[in-house]
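Next comes start-v4.cif, with mmCIF, C-alpha atoms and all ligand atoms.
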```
data_model
#
loop_
_atom_site.label_atom_id
_atom_site.label_comp_id
_atom_site.auth_asym_id
_atom_site.auth_seq_id
_atom_site.Cartn_x
_atom_site.Cartn_y
_atom_site.Cartn_z
CA MET A 1 0.00 0.00 0.00
CA THR A 2 1.46 3.40 -0.95
CA ASP A 3 1.40 6.35 1.38
CA ASN A 4 -0.46 9.33 0.05
CA ASN A 5 -0.11 13.01 0.90
CA TRP A 6 -3.34 13.67 2.81
CA THR A 7 -3.28 13.75 6.59
CA LEU A 8 -6.92 13.99 7.56
CA GLY A 9 -7.80 15.45 10.94
CA ILE A 10 -11.19 14.40 12.23
CA LEU A 11 -12.97 16.22 15.03
CA GLY A 12 -15.53 13.83 16.45
CA GLY A 13 -18.56 15.47 17.98
CA SER A 14 -21.25 14.28 20.39
CA GLY A 15 -21.57 10.51 20.25
CA LEU A 16 -18.30 10.00 18.32
CA TYR A 17 -15.46 9.52 20.76
CA ASP A 18 -13.40 6.82 19.02
CA LEU A 19 -12.94 5.20 15.60
CA ASP A 20 -12.49 1.48 15.10
CA GLY A 21 -11.12 -0.59 12.22
CA LEU A 22 -8.02 1.60 11.77
CA GLU A 23 -4.45 0.46 11.17
CA ASN A 24 -1.67 1.16 13.71
CA PRO A 25 -3.89 3.12 16.10
CA GLU A 26 -2.09 4.97 18.87
CA TRP A 27 -3.41 7.66 21.22
CA ILE A 28 -0.74 10.36 21.55
CA GLU A 29 -0.83 13.32 23.98
CA ILE A 30 0.08 16.63 22.37
CA ASP A 31 0.56 19.75 24.44
CA THR A 32 0.26 23.22 22.91
CA PRO A 33 1.15 26.80 23.88
CA TRP A 34 -2.63 27.36 24.17
CA GLY A 35 -3.11 24.65 26.75
CA LYS A 36 -4.36 21.09 26.55
CA PRO A 37 -6.51 19.81 23.71
CA SER A 38 -9.73 17.99 24.58
CA ASP A 39 -7.96 14.62 24.70
CA ALA A 40 -5.02 12.70 23.27
CA ILE A 41 -5.10 12.38 19.49
CA LEU A 42 -5.63 9.00 17.85
CA PHE A 43 -2.92 8.59 15.21
CA ALA A 44 -3.76 5.86 12.68
CA GLU A 45 -3.83 4.95 9.00
CA LEU A 46 -6.36 3.50 6.63
CA GLU A 47 -5.93 2.76 2.90
CA GLY A 48 -2.55 4.56 3.01
CA VAL A 49 -4.16 7.77 4.33
CA LYS A 50 -2.92 9.18 7.62
CA LEU A 51 -5.68 9.98 10.11
CA ARG A 52 -5.61 12.10 13.27
CA PHE A 53 -8.79 11.76 15.31
CA LEU A 54 -9.65 14.07 18.21
CA PRO A 55 -12.88 13.73 20.17
CA ARG A 56 -13.98 17.34 20.56
CA HIS A 57 -15.52 16.90 24.00
CA GLY A 58 -12.95 14.32 25.15
CA ARG A 59 -13.64 10.61 25.62
CA GLY A 60 -16.64 10.29 27.92
CA HIS A 61 -17.89 13.76 26.85
CA LYS A 62 -16.18 15.62 29.70
CA LEU A 63 -16.10 19.10 28.14
CA SER A 64 -19.03 21.44 27.49
CA PRO A 65 -19.02 23.48 24.26
CA THR A 66 -17.79 26.52 26.22
CA SER A 67 -14.97 24.66 27.95
CA VAL A 68 -13.56 23.02 24.81
CA ASN A 69 -10.15 24.62 24.17
CA TYR A 70 -10.67 25.24 20.45
CA ARG A 71 -7.28 26.91 19.99
CA ALA A 72 -5.46 23.97 21.58
CA ASN A 73 -7.45 21.49 19.46
CA ILE A 74 -6.64 23.19 16.16
CA ASP A 75 -3.02 23.87 17.11
CA ALA A 76 -2.58 20.22 18.17
CA LEU A 77 -4.05 18.96 14.88
CA LYS A 78 -1.66 21.28 13.02
CA ARG A 79 1.28 19.93 15.07
CA ALA A 80 0.05 16.41 14.29
CA GLY A 81 0.66 17.18 10.61
CA CYS A 82 -2.95 17.51 9.43
CA THR A 83 -3.48 18.88 5.93
CA ASP A 84 -7.27 19.15 6.31
CA ILE A 85 -9.88 18.96 9.05
CA LEU A 86 -13.24 17.25 8.83
CA SER A 87 -15.68 17.93 11.66
CA LEU A 88 -18.58 15.68 12.56
CA SER A 89 -21.27 17.37 14.59
CA ALA A 90 -24.76 16.90 15.93
CA VAL A 91 -27.13 19.75 15.08
CA GLY A 92 -30.75 20.75 15.54
CA SER A 93 -32.83 21.59 12.50
CA LEU A 94 -34.24 25.08 12.04
CA GLN A 95 -36.07 24.37 8.77
CA GLU A 96 -38.63 21.71 7.82
CA PRO A 97 -36.66 20.08 4.94
CA TYR A 98 -33.74 19.28 7.26
CA ALA A 99 -35.14 16.29 9.10
CA PRO A 100 -33.68 14.25 11.95
CA GLY A 101 -31.37 11.61 10.43
CA ASP A 102 -30.37 13.88 7.51
CA PHE A 103 -26.75 14.94 6.97
CA VAL A 104 -25.95 18.55 6.07
CA ILE A 105 -22.71 19.65 4.42
CA VAL A 106 -22.64 23.10 5.98
CA ASP A 107 -21.33 25.98 3.86
CA GLN A 108 -21.95 29.06 6.03
CA PHE A 109 -21.98 29.99 9.70
CA ILE A 110 -23.38 32.68 11.94
CA ASP A 111 -21.29 32.96 15.07
CA ARG A 112 -23.32 33.88 18.16
CA THR A 113 -20.80 32.46 20.66
CA PHE A 114 -19.40 34.94 23.17
CA ALA A 115 -17.43 33.14 25.89
CA ARG A 116 -14.56 31.62 23.90
CA GLU A 117 -11.11 32.54 22.67
CA LYS A 118 -11.65 33.12 18.97
CA SER A 119 -8.24 33.87 17.50
CA PHE A 120 -4.61 32.80 17.67
CA PHE A 121 -3.70 36.43 17.02
CA GLY A 122 -3.81 39.53 19.22
CA PRO A 123 -1.49 42.08 20.82
CA GLY A 124 2.06 41.57 19.51
CA MET A 125 0.97 39.84 16.31
CA VAL A 126 -2.25 40.98 14.67
CA ALA A 127 -3.87 39.21 11.72
CA HIS A 128 -7.22 39.44 9.96
CA VAL A 129 -8.09 36.41 7.84
CA SER A 130 -11.08 36.30 5.52
CA VAL A 131 -13.84 33.90 6.54
CA ALA A 132 -16.22 34.99 3.79
CA ASP A 133 -16.20 31.35 2.67
CA PRO A 134 -15.43 29.57 5.93
CA VAL A 135 -15.64 26.06 4.51
CA CYS A 136 -13.27 24.41 2.03
CA ASP A 137 -15.39 23.72 -1.04
CA ARG A 138 -13.28 20.80 -2.15
CA LEU A 139 -13.31 19.01 1.21
CA ALA A 140 -17.06 19.70 1.54
CA ARG A 141 -17.72 18.16 -1.88
CA LEU A 142 -15.71 15.05 -0.96
CA ALA A 143 -17.49 14.82 2.40
CA GLY A 144 -20.88 15.04 0.67
CA ASN A 145 -19.90 12.29 -1.77
CA ALA A 146 -18.68 10.15 1.12
CA ALA A 147 -21.87 10.63 3.14
CA ILE A 148 -24.00 9.66 0.11
CA ALA A 149 -21.83 6.58 -0.45
CA ALA A 150 -22.38 5.68 3.23
CA GLY A 151 -26.14 5.82 2.69
CA ALA A 152 -26.97 9.22 4.17
CA HIS A 153 -29.67 11.58 2.93
CA VAL A 154 -27.46 14.59 2.22
CA HIS A 155 -28.17 18.30 1.88
CA ARG A 156 -25.29 20.08 0.18
CA GLY A 157 -25.18 23.52 1.76
CA GLY A 158 -26.78 25.01 4.83
CA THR A 159 -26.17 27.78 7.32
CA TYR A 160 -25.13 26.70 10.83
CA LEU A 161 -25.96 29.00 13.74
CA ALA A 162 -23.33 28.58 16.47
CA MET A 163 -24.79 29.36 19.91
CA GLU A 164 -22.94 29.50 23.22
CA GLY A 165 -25.02 26.96 25.14
CA PRO A 166 -24.88 24.80 27.12
CA GLN A 167 -28.64 25.31 27.47
CA PHE A 168 -30.64 24.73 24.30
CA SER A 169 -32.39 27.78 22.78
CA THR A 170 -35.55 29.49 23.91
CA ARG A 171 -38.40 29.27 21.43
CA ALA A 172 -38.03 32.98 20.66
CA GLU A 173 -34.33 32.48 19.85
CA SER A 174 -35.12 29.46 17.70
CA GLU A 175 -37.74 31.51 15.77
CA LEU A 176 -35.26 34.41 15.44
CA TYR A 177 -32.62 32.16 13.87
CA ARG A 178 -35.25 30.67 11.55
CA GLY A 179 -36.08 34.21 10.49
CA TRP A 180 -32.39 34.76 9.76
CA ARG A 181 -32.67 31.80 7.34
CA CYS A 182 -30.31 29.62 9.34
CA ASP A 183 -30.79 25.93 8.60
CA VAL A 184 -29.17 24.13 11.53
CA ILE A 185 -28.01 24.98 15.04
CA GLY A 186 -25.13 23.72 17.14
CA MET A 187 -22.70 24.85 19.83
CA THR A 188 -19.23 23.97 18.58
CA ASN A 189 -18.34 24.75 14.98
CA MET A 190 -17.45 28.34 15.85
CA PRO A 191 -14.80 29.47 16.58
CA GLU A 192 -13.42 26.10 15.41
CA ALA A 193 -13.86 26.90 11.69
CA LYS A 194 -12.34 30.40 12.09
CA LEU A 195 -9.32 28.99 13.93
CA ALA A 196 -8.81 26.33 11.26
CA ARG A 197 -8.67 29.13 8.68
CA GLU A 198 -6.10 31.01 10.79
CA ALA A 199 -4.10 27.79 10.96
CA GLU A 200 -4.31 27.57 7.13
CA LEU A 201 -6.15 24.24 7.39
CA PRO A 202 -9.05 23.55 5.00
CA TYR A 203 -12.12 22.72 7.15
CA ALA A 204 -15.50 21.18 6.40
CA THR A 205 -18.26 19.86 8.60
CA VAL A 206 -20.71 17.02 8.28
CA ALA A 207 -23.64 18.03 10.44
CA MET A 208 -25.98 15.25 11.52
CA VAL A 209 -29.49 16.47 12.23
CA THR A 210 -30.74 15.03 15.50
CA ASP A 211 -33.85 17.08 16.34
CA PHE A 212 -36.13 20.01 15.46
CA ASP A 213 -34.83 22.19 18.30
CA CYS A 214 -37.95 23.70 19.93
CA TRP A 215 -39.86 25.50 17.14
CA HIS A 216 -41.69 22.65 15.43
CA PRO A 217 -45.32 22.24 16.58
CA GLY A 218 -45.28 18.55 15.56
CA HIS A 219 -42.15 17.62 17.52
CA GLU A 220 -41.06 17.61 21.17
CA ASN A 221 -38.54 20.19 22.38
CA VAL A 222 -35.00 18.90 22.01
CA ASP A 223 -33.32 17.11 24.92
CA VAL A 224 -30.09 15.09 25.20
CA PHE A 225 -31.96 11.77 25.08
CA ALA A 226 -33.43 12.66 21.67
CA VAL A 227 -30.03 13.78 20.36
CA ILE A 228 -28.31 10.57 21.48
CA ALA A 229 -31.15 8.37 20.19
CA THR A 230 -30.83 9.85 16.68
CA LEU A 231 -27.03 9.72 16.79
CA THR A 232 -27.10 6.07 17.86
CA LYS A 233 -29.51 5.22 15.02
CA ASN A 234 -27.13 6.89 12.53
CA ALA A 235 -23.80 5.89 14.06
CA GLU A 236 -23.02 3.38 11.28
CA ILE A 237 -23.66 6.00 8.58
CA ALA A 238 -21.45 8.52 10.40
CA LYS A 239 -18.59 6.02 10.71
CA GLY A 240 -19.26 4.91 7.10
CA THR A 241 -18.85 8.54 6.00
CA VAL A 242 -15.38 8.60 7.53
CA ARG A 243 -14.46 5.31 5.86
CA GLU A 244 -15.80 6.50 2.49
CA ILE A 245 -13.96 9.83 2.52
CA ILE A 246 -10.75 7.95 3.28
CA LYS A 247 -11.42 5.63 0.32
CA ILE A 248 -11.99 8.68 -1.90
CA ILE A 249 -8.91 10.61 -0.86
CA ALA A 250 -6.78 7.47 -1.01
CA GLN A 251 -7.44 7.57 -4.78
CA THR A 252 -6.89 11.34 -5.13
CA PRO A 253 -3.40 12.78 -4.68
CA ARG A 254 -3.72 15.99 -2.68
CA THR A 255 -3.08 19.32 -4.38
CA PRO A 256 -3.34 22.72 -2.63
CA SER A 257 -6.94 23.79 -2.05
CA PRO A 258 -8.24 25.81 -5.02
CA ALA A 259 -9.21 28.63 -2.62
CA GLY A 260 -5.61 29.09 -1.42
CA ILE A 261 -6.47 28.31 2.21
CA GLU A 262 -2.98 26.98 2.94
CA THR A 263 -1.45 30.39 2.19
CA ASN A 264 -4.21 32.70 3.38
CA LEU A 265 -2.05 34.26 6.11
CA ASP A 266 0.03 35.93 3.37
CA ALA A 267 -2.77 38.49 3.01
CA ALA A 268 -3.69 38.63 6.69
CA LEU A 269 -0.69 39.58 8.84
CA ILE A 270 -0.55 43.31 9.56
CA THR A 271 1.93 43.82 12.42
CA ALA A 272 5.23 45.11 11.04
CA PRO A 273 8.11 42.61 11.47
CA ASP A 274 9.99 44.90 13.89
CA ALA A 275 6.83 45.46 15.97
CA ARG A 276 6.11 41.75 16.50
CA ASP A 277 6.43 40.44 20.05
CA PRO A 278 8.90 37.52 20.11
CA LYS A 279 6.99 35.87 22.99
CA VAL A 280 3.81 35.94 20.95
CA LEU A 281 5.63 34.62 17.88
CA ALA A 282 6.99 31.76 19.98
CA LYS A 283 3.40 30.73 20.85
CA LEU A 284 2.53 30.88 17.17
CA ASP A 285 5.36 28.52 16.16
CA ALA A 286 3.05 25.91 14.65
CA ILE A 287 0.50 28.33 13.18
CA LEU A 288 3.15 30.54 11.59
CA ALA A 289 5.70 27.83 10.71
CA ARG A 290 5.20 28.30 6.97
CA VAL A 291 5.18 32.10 7.12
CA LEU A 292 8.15 32.47 9.47
CA GLY A 293 10.04 29.79 7.55
CA ALA A 294 9.47 31.81 4.37
CA ASP A 295 10.66 35.01 6.17
CA LYS A 296 13.90 33.24 7.10
CA ALA A 297 14.54 31.90 3.57
C1 LIG A 301 -25.34 16.51 23.08
S1 LIG A 301 -26.39 17.75 22.41
C2 LIG A 301 -25.52 19.26 22.29
C3 LIG A 301 -24.10 19.17 21.84
O1 LIG A 301 -24.01 18.37 20.63
C4 LIG A 301 -23.33 19.13 19.63
O2 LIG A 301 -21.94 18.91 19.79
P1 LIG A 301 -20.96 18.53 18.59
O3 LIG A 301 -20.98 19.65 17.59
O4 LIG A 301 -19.61 18.37 19.20
O5 LIG A 301 -21.50 17.25 17.98
C5 LIG A 301 -23.73 20.56 20.00
O6 LIG A 301 -22.93 21.51 19.34
C6 LIG A 301 -23.61 20.56 21.49
O7 LIG A 301 -22.28 20.72 21.91
N1 LIG A 302 -31.18 21.80 18.98
C1 LIG A 302 -29.86 21.92 19.18
N2 LIG A 302 -29.34 23.10 19.58
C2 LIG A 302 -28.00 23.22 19.75
N3 LIG A 302 -27.13 22.22 19.61
C3 LIG A 302 -27.62 21.03 19.22
N4 LIG A 302 -27.00 19.86 18.98
C4 LIG A 302 -27.93 18.97 18.62
N5 LIG A 302 -29.17 19.54 18.62
C5 LIG A 302 -28.99 20.82 18.99
#
```

Full structure transcribed into structure tokens:
Amino acid sequence: MTDNNWTLGILGGSGLYDLDGLENPEWIEIDTPWGKPSDAILFAELEGVKLRFLPRHGRGHKLSPTSVNYRANIDALKRAGCTDILSLSAVGSLQEPYAPGDFVIVDQFIDRTFAREKSFFGPGMVAHVSVADPVCDRLARLAGNAAIAAGAHVHRGGTYLAMEGPQFSTRAESELYRGWRCDVIGMTNMPEAKLAREAELPYATVAMVTDFDCWHPGHENVDVFAVIATLTKNAEIAKGTVREIIKIIAQTPRTPSPAGIETNLDAALITAPDARDPKVLAKLDAILARVLGADKA
């Protein structure tokens, strides 16, 4: 079996804390300048593709959406050599056509979170990346193909409202987000997607609809039991989606993303070289490895 040049990072959401059937699996602790990631990272291979799996809430679901250290998770996946990050997430539906059991390949986000660190940058090294298109089109297309091959009913495209939680929404909030034409709601994909962009890692998310939140007159208000019941019913399709995307990328040598995500910091850094704080740069060693390496050349 030949090695290929993808290293796929997978962020497993609620209900997905481990992956089986992998080759050479090994859980490895990675520390970061931003603190500890949610758990050790499962290093493994399948079909010649390198995989790095991180359960977003930790094994046993120990971390709430607010207490996940999103910066540490993305930095650790970067240190682990990931070229791309695929997120799997449970979401509530905000629109009738997105039914429990469906899979949504999200293409936009509205970020309503407010109690999280949202950037690797700040005083001493300022950067402004574009998140106009927060998802990597190419990875999203492959993820959609994989989910279909795994037997999912797939919606390509959908706007994900990221709320702070941990409580689910009030009915008025749910109606407000519906009015904003959001399609699904969850608590974790922001700032994760923004941080992946800062780390120059193409990101896409497969959102698994588990409930109708609390707006649908024909359905009960969401609770954790309902979420877990739908996730359990669809667990094989979720794991199948991971297997299928690996099969697909095993056949497809990786080229840089057409949107230039891997070099997007070139147009984002604004602090003048002589005004950059060396201590801050040291923390950014993984995130800025390409840029600082290029500076040195
Ligand atoms: C267990 S229900 C709420 C919980 O599930 C989703 O998490 P994830 O995106 O990691 O699958 C949602 O965002 C909440 O964190
Ligand atoms: N209705 C909902 N709201 C927020 N996060 C969710 N995760 C799954 N269902 C959800």

Which residues of chain A come within 8 Å of ligand LIG 301 (chain A), and what is each one's closest atom pair and distance in Å (one decimal), counting all atoms listed in the file, sorted by chain and residue number, as CSV?
```
residue,atom,partner,partner_atom,distance
A:Gly12,CA,A:LIG301,O4,6.7
A:Gly13,CA,A:LIG301,O4,3.3
A:Ser14,CA,A:LIG301,O5,3.8
A:Gly15,CA,A:LIG301,O5,7.1
A:Leu16,CA,A:LIG301,O5,7.9
A:Arg56,CA,A:LIG301,O4,5.9
A:His57,CA,A:LIG301,O4,6.5
A:Ser64,CA,A:LIG301,O7,6.5
A:Pro65,CA,A:LIG301,O7,4.9
A:Leu88,CA,A:LIG301,O5,6.4
A:Ser89,CA,A:LIG301,O5,3.4
A:Ala90,CA,A:LIG301,O5,3.9
A:Val91,CA,A:LIG301,C4,6.0
A:Ala162,CA,A:LIG301,O6,7.6
A:Gly165,CA,A:LIG301,C6,7.5
A:Pro166,CA,A:LIG301,O7,7.1
A:Phe168,CA,A:LIG301,C2,7.8
A:Ile185,CA,A:LIG301,O6,7.5
A:Gly186,CA,A:LIG301,O6,3.8
A:Met187,CA,A:LIG301,O6,3.4
A:Thr188,CA,A:LIG301,O6,4.5
A:Asn189,CA,A:LIG301,O3,6.3
A:Ala207,CA,A:LIG301,O3,7.8
A:Asp223,CA,A:LIG301,S1,7.4
A:Val224,CA,A:LIG301,S1,5.3
A:Val227,CA,A:LIG301,S1,5.8
A:Ile228,CA,A:LIG301,C1,6.8
```

Got a sec: who's within 10 Å of Thr271 in chain A, counting all atoms listed in the file, leaving out chain neighbours fewer than 4 positions off, as a PDB file with C-alpha atoms, keeping the file's coordinate frame?
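Result file around-v6.pdb:
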```pdb
ATOM      1  CA  GLY A 122      -3.810  39.530  19.220  1.00  0.00           C
ATOM      2  CA  PRO A 123      -1.490  42.080  20.820  1.00  0.00           C
ATOM      3  CA  GLY A 124       2.060  41.570  19.510  1.00  0.00           C
ATOM      4  CA  MET A 125       0.970  39.840  16.310  1.00  0.00           C
ATOM      5  CA  VAL A 126      -2.250  40.980  14.670  1.00  0.00           C
ATOM      6  CA  ALA A 127      -3.870  39.210  11.720  1.00  0.00           C
ATOM      7  CA  ALA A 275       6.830  45.460  15.970  1.00  0.00           C
ATOM      8  CA  ARG A 276       6.110  41.750  16.500  1.00  0.00           C
ATOM      9  CA  ASP A 277       6.430  40.440  20.050  1.00  0.00           C
TER      10      ASP A 277
END
```

>> Just the number, please: distance in Å from CA of Ile30 in chain A to CA of Ala193 in chain A, one decimal.
In response: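 Computing it gives 20.3 Å between the two atoms.
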
>> Quick one: residues within 12 Å of Ala250 in chain A, all atoms listed in the file, excluding same-chain residues fewer than 3 positions away - as an MDAnalysis selection string?
In response: chainID A and resid 1:8 45:51 142 243:247 253:254

> Counting all atoms listed in the file, what is within 9 Å of Ala143 in chain A, bar same-chain residues fewer than 2 positions away, as a list in words?
Replying inline: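 Contacts, in chain order: Leu86, Ile105, Arg138, Leu139, Ala140, Arg141, Asn145, Ala146, Ala147, Ile148, Ala204, Thr205, Val206, Thr241, Val242, Glu244 and Ile245 of chain A.
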
> So which residues are close to (-21.4, 22.6, 0.4), meaning at most 8 Å away in the file's coordinates with only C-alpha atoms counted, and can you show them as a list in words?
Replying inline: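 Returned residue set, sorted by chain then number, is Ile105, Val106, Asp107, Val135, Asp137, Ala140, Arg141, Gly144, Arg156, Gly157 and Gly158 of chain A.
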
> Skipping near chain neighbours, those fewer than 4 positions away, what residues fall within 9 Å of Arg116 in chain A using all atoms listed in the file, listed as a PyMOL selection string?
Replying inline: chain A and resi 66-70+164+191

Take the residues just selected and output them with C-alpha atoms as a short mmCIF file (atom, residue, chain, number, x, y, z; two decimals), in the frame of the given file.
```
data_model
loop_
_atom_site.label_atom_id
_atom_site.label_comp_id
_atom_site.auth_asym_id
_atom_site.auth_seq_id
_atom_site.Cartn_x
_atom_site.Cartn_y
_atom_site.Cartn_z
CA THR A 66 -17.79 26.52 26.22
CA SER A 67 -14.97 24.66 27.95
CA VAL A 68 -13.56 23.02 24.81
CA ASN A 69 -10.15 24.62 24.17
CA TYR A 70 -10.67 25.24 20.45
CA GLU A 164 -22.94 29.50 23.22
CA PRO A 191 -14.80 29.47 16.58
#
```

> Got a sec: who's within 12 Å of Arg290 in chain A, counting only C-alpha atoms, leaving out chain neighbours fewer than 6 positions off, as a PyMOL selection string?
Replying inline: chain A and resi 78+199-200+262-266+284+296-297

>> Nearest residue to Ala150 in chain A out of A:Gly240, A:Gly218, A:Pro55, A:Gly35, using only C-alpha atoms?
In response: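 The shortest atom-to-atom distance to Ala150 in chain A comes from A:Gly240.
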
> What does the distance between CA of Ile248 in chain A and atom N5 of ligand LIG 302 (chain A) come to in Å, to one decimal place?
Replying inline: 28.9 Å

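Among A:Leu77, A:Ala272, A:Cys214, A:Ile28, the residue with the shortest atom-to-atom distance to ligand LIG 302 (chain A), counting all atoms listed in the file, is A:Cys214.
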
> Which one of A:Val291, A:Ala226, A:Val104, A:Ala115 sits closest to ligand LIG 302 (chain A) if you count all atoms listed in the file?
Replying inline: A:Ala226

>> Using all atoms listed in the file, can you tell me which of A:His216, A:His155, A:Arg79, A:Arg112 comes closest to Asp285 in chain A?
In response: A:Arg79

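If all atoms listed in the file are the atoms counted, then among A:Glu220, A:Glu173, A:Asp102, A:Asp133 the closest residue to Lys194 in chain A is A:Asp133.
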
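Distance annotation: of A:Thr230, A:Cys136, A:Leu54, A:Asp213, the residue with the minimal separation from Pro258 in chain A is A:Cys136; atom set is all atoms listed in the file.
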
> CA of Thr159 in chain A to CA of Arg181 in chain A: how many Å, to one decimal?
Replying inline: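 CA of Arg181 in chain A lies at a distance of 7.6 Å from CA of Thr159 in chain A.
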